[in-house]
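Novice: Mind looking over this structure? Questions follow.
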Amino acid sequence: MTRMRALSTFLLCAVFIGTGFLAGMKVEEIRSSPGGGFWETARELMPGDLFRFGVSGFKGLVGVEDAPQSFSFYAPGDLVGRSGTGAARKGARDWTLFAPEMAFPVAPAQPAFLNSQIHSPGGGAWRGSGPNNQCVRANYSYPWRDNFCERRGGKDRESLNCPSRAIHQGVDIRGGTGGSRASTCARMAWGDGTPQTLVPVVAAEDGWIEYSLLPHKYVVTLITDQGRAFNYMHLDRASLIPAPGTRVSKGETIGYLSDYFGRSKTTQHLHFEILQNIDGKGWSHVSPYMSLVGAYERDHGVTGVLVEDEE
């Protein structure tokens with residue numbers, strides 16, 4: 001603890017003196033005590049990083065009560081190993097915010113985590129109980145990881161930005177908490193008598209509901225005033241709020257996250273897609289990932305911290 005206090009004093013001084021001289025210092029050199037809230041990654045600190053990192057990281061130690069907390073995320077297109085090749089524009093990672101002012105689709109009352117449903121515990125490659133169930137803490141923790149362009153089976157699953165034609169056309173979002181019997185995930189997955197209304201899902205922009213769930217279907221489409229469309233999949237059928245043709249406002253609850261998948265079930269998550277009408281190409285799926293990062297920062301009042309993949 002003495003070492004930690006000394007380190008905190010050093011970092012707090014650096015906050016007020018300036019941060020340029022710390023450029024190149026490795027974040028992994030700054031270790032936290034349990035629950036300290038620091039990110040341990042190999043990303044190099046850049047000028048300006050430490051003020052953000054120091055204020056949020058030392059909130060509990062220095063009493064900065066109104067400081068925003070941070071969340072971390074891997075770069076767009078940085079998929080789980082051997083799951084596919086991520087989206088790119090002109091050969092580079094696609095950092096585009098295709099919906100720069102949208103609301104995050106899971107209501108701010110719940111934390112949210114982006115990761116693969118197939119290549120994570122409890123998913124297609126990990127089905128089981130115990131440490132391999134879908135509610136493990138690893139699935140409800142940072143950093144976020146992109147899963148747009150992940151390899152999937154089926155026909156007509158492509159995007160202009162993905163190198164493969166059989167891909168995951170959206171990003172999967174887990175909402176709530178995991179890791180215990182009382183967690184949001186466990187209550188929804190195995191039931192405690194609670195209706196499936198624990199994790200509200202909201203309209204990303206103003207628009208109208210064009211299509212809602214019909215027998216054995218699981219897609220709700222929001223056509224927006226901004227000329228794009230959002231697809232929401234796996235919402236709880238019994239608690240859908242708007243009917244087809246209903247106009248909704250940005251941030252308005254439209255349904256609740258669940259595991260509905262037509263005749264079968266999936267993991268507890270929201271599959272979220274953005275479609276845009278691209279000149280000369282027609283309607284195409286585009287990556288929601290960076291739009292989700294930006295929306296989460298705005299709606300939760302937090303700062304996203306980019307980390308490097310160590311794989």
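Just so we're on the same page: first chain in the structure tokens is A, next is B, and so on; residues restart at 1 for each chain, and ligands are numbered from 1 in the order they show up.
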Which residues of segment 177-258 of chain A come within 6 Å of segment 272-279 of chain A, and what is each one's closest atom pair and distance in Å (one decimal), counting only C-alpha atoms, sorted by chain and residue number, as JSON lines?
Specialist:
```
{"residue": "A:Arg228", "atom": "CA", "partner": "A:Gln276", "partner_atom": "CA", "distance": 4.8}
{"residue": "A:Ala229", "atom": "CA", "partner": "A:Leu275", "partner_atom": "CA", "distance": 5.1}
{"residue": "A:Phe230", "atom": "CA", "partner": "A:Ile274", "partner_atom": "CA", "distance": 4.8}
{"residue": "A:Asn231", "atom": "CA", "partner": "A:Glu273", "partner_atom": "CA", "distance": 4.9}
{"residue": "A:Tyr232", "atom": "CA", "partner": "A:Phe272", "partner_atom": "CA", "distance": 5.1}
```
Novice: Go through A:Thr197, A:Asn132, A:Asn161, A:Thr303 and flag the residue nearest Asp94 of chain A, using only C-alpha atoms for the distances.
Specialist: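 Closest candidate: A:Asn161.
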Novice: Pull the alpha helix (DSSP H) assignments for segment 167-295 of chain A out of DSSP run on the backbone, and list those residues as a ChimeraX atom specification.
Specialist: /A:184-190,289-295
Novice: Kindly export the residues of the current selection with C-alpha atoms, as a PDB file, in the first residue's frame.
Specialist:
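Done, and the output landed in out.pdb:
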```
ATOM      1  CA  THR A 184     -28.773 -10.259 -14.413  1.00  0.00           C
ATOM      2  CA  CYS A 185     -27.571 -12.967 -16.785  1.00  0.00           C
ATOM      3  CA  ALA A 186     -28.390 -15.836 -14.420  1.00  0.00           C
ATOM      4  CA  ARG A 187     -31.822 -14.469 -13.557  1.00  0.00           C
ATOM      5  CA  MET A 188     -32.674 -14.246 -17.256  1.00  0.00           C
ATOM      6  CA  ALA A 189     -30.984 -17.468 -18.359  1.00  0.00           C
ATOM      7  CA  TRP A 190     -32.197 -19.840 -15.632  1.00  0.00           C
ATOM      8  CA  TYR A 289     -18.624  -0.967 -33.457  1.00  0.00           C
ATOM      9  CA  MET A 290     -17.207   2.557 -33.236  1.00  0.00           C
ATOM     10  CA  SER A 291     -20.705   4.082 -33.236  1.00  0.00           C
ATOM     11  CA  LEU A 292     -21.402   1.947 -30.152  1.00  0.00           C
ATOM     12  CA  VAL A 293     -18.172   3.118 -28.490  1.00  0.00           C
ATOM     13  CA  GLY A 294     -19.123   6.759 -29.054  1.00  0.00           C
ATOM     14  CA  ALA A 295     -22.718   6.239 -27.913  1.00  0.00           C
TER      15      ALA A 295
END
```
Novice: Work out how far apart atom CA of Glu210 of chain A and atom CA of Gly251 of chain A are and give it in Å to one decimal.
Specialist: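 One can read the atom CA of Glu210 of chain A to atom CA of Gly251 of chain A distance as 17.3 Å.
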Novice: Quick one: residues within 10 Å of segment 72-85 of chain A, only C-alpha atoms counted, chain neighbours fewer than 3 positions away excluded, as a VMD selection string?
Specialist: chain A and resid 39 41 88 92 to 96 113 to 116 118 to 120 141 to 152 162 to 164 166 to 168 287 to 290 293 303 to 309 311
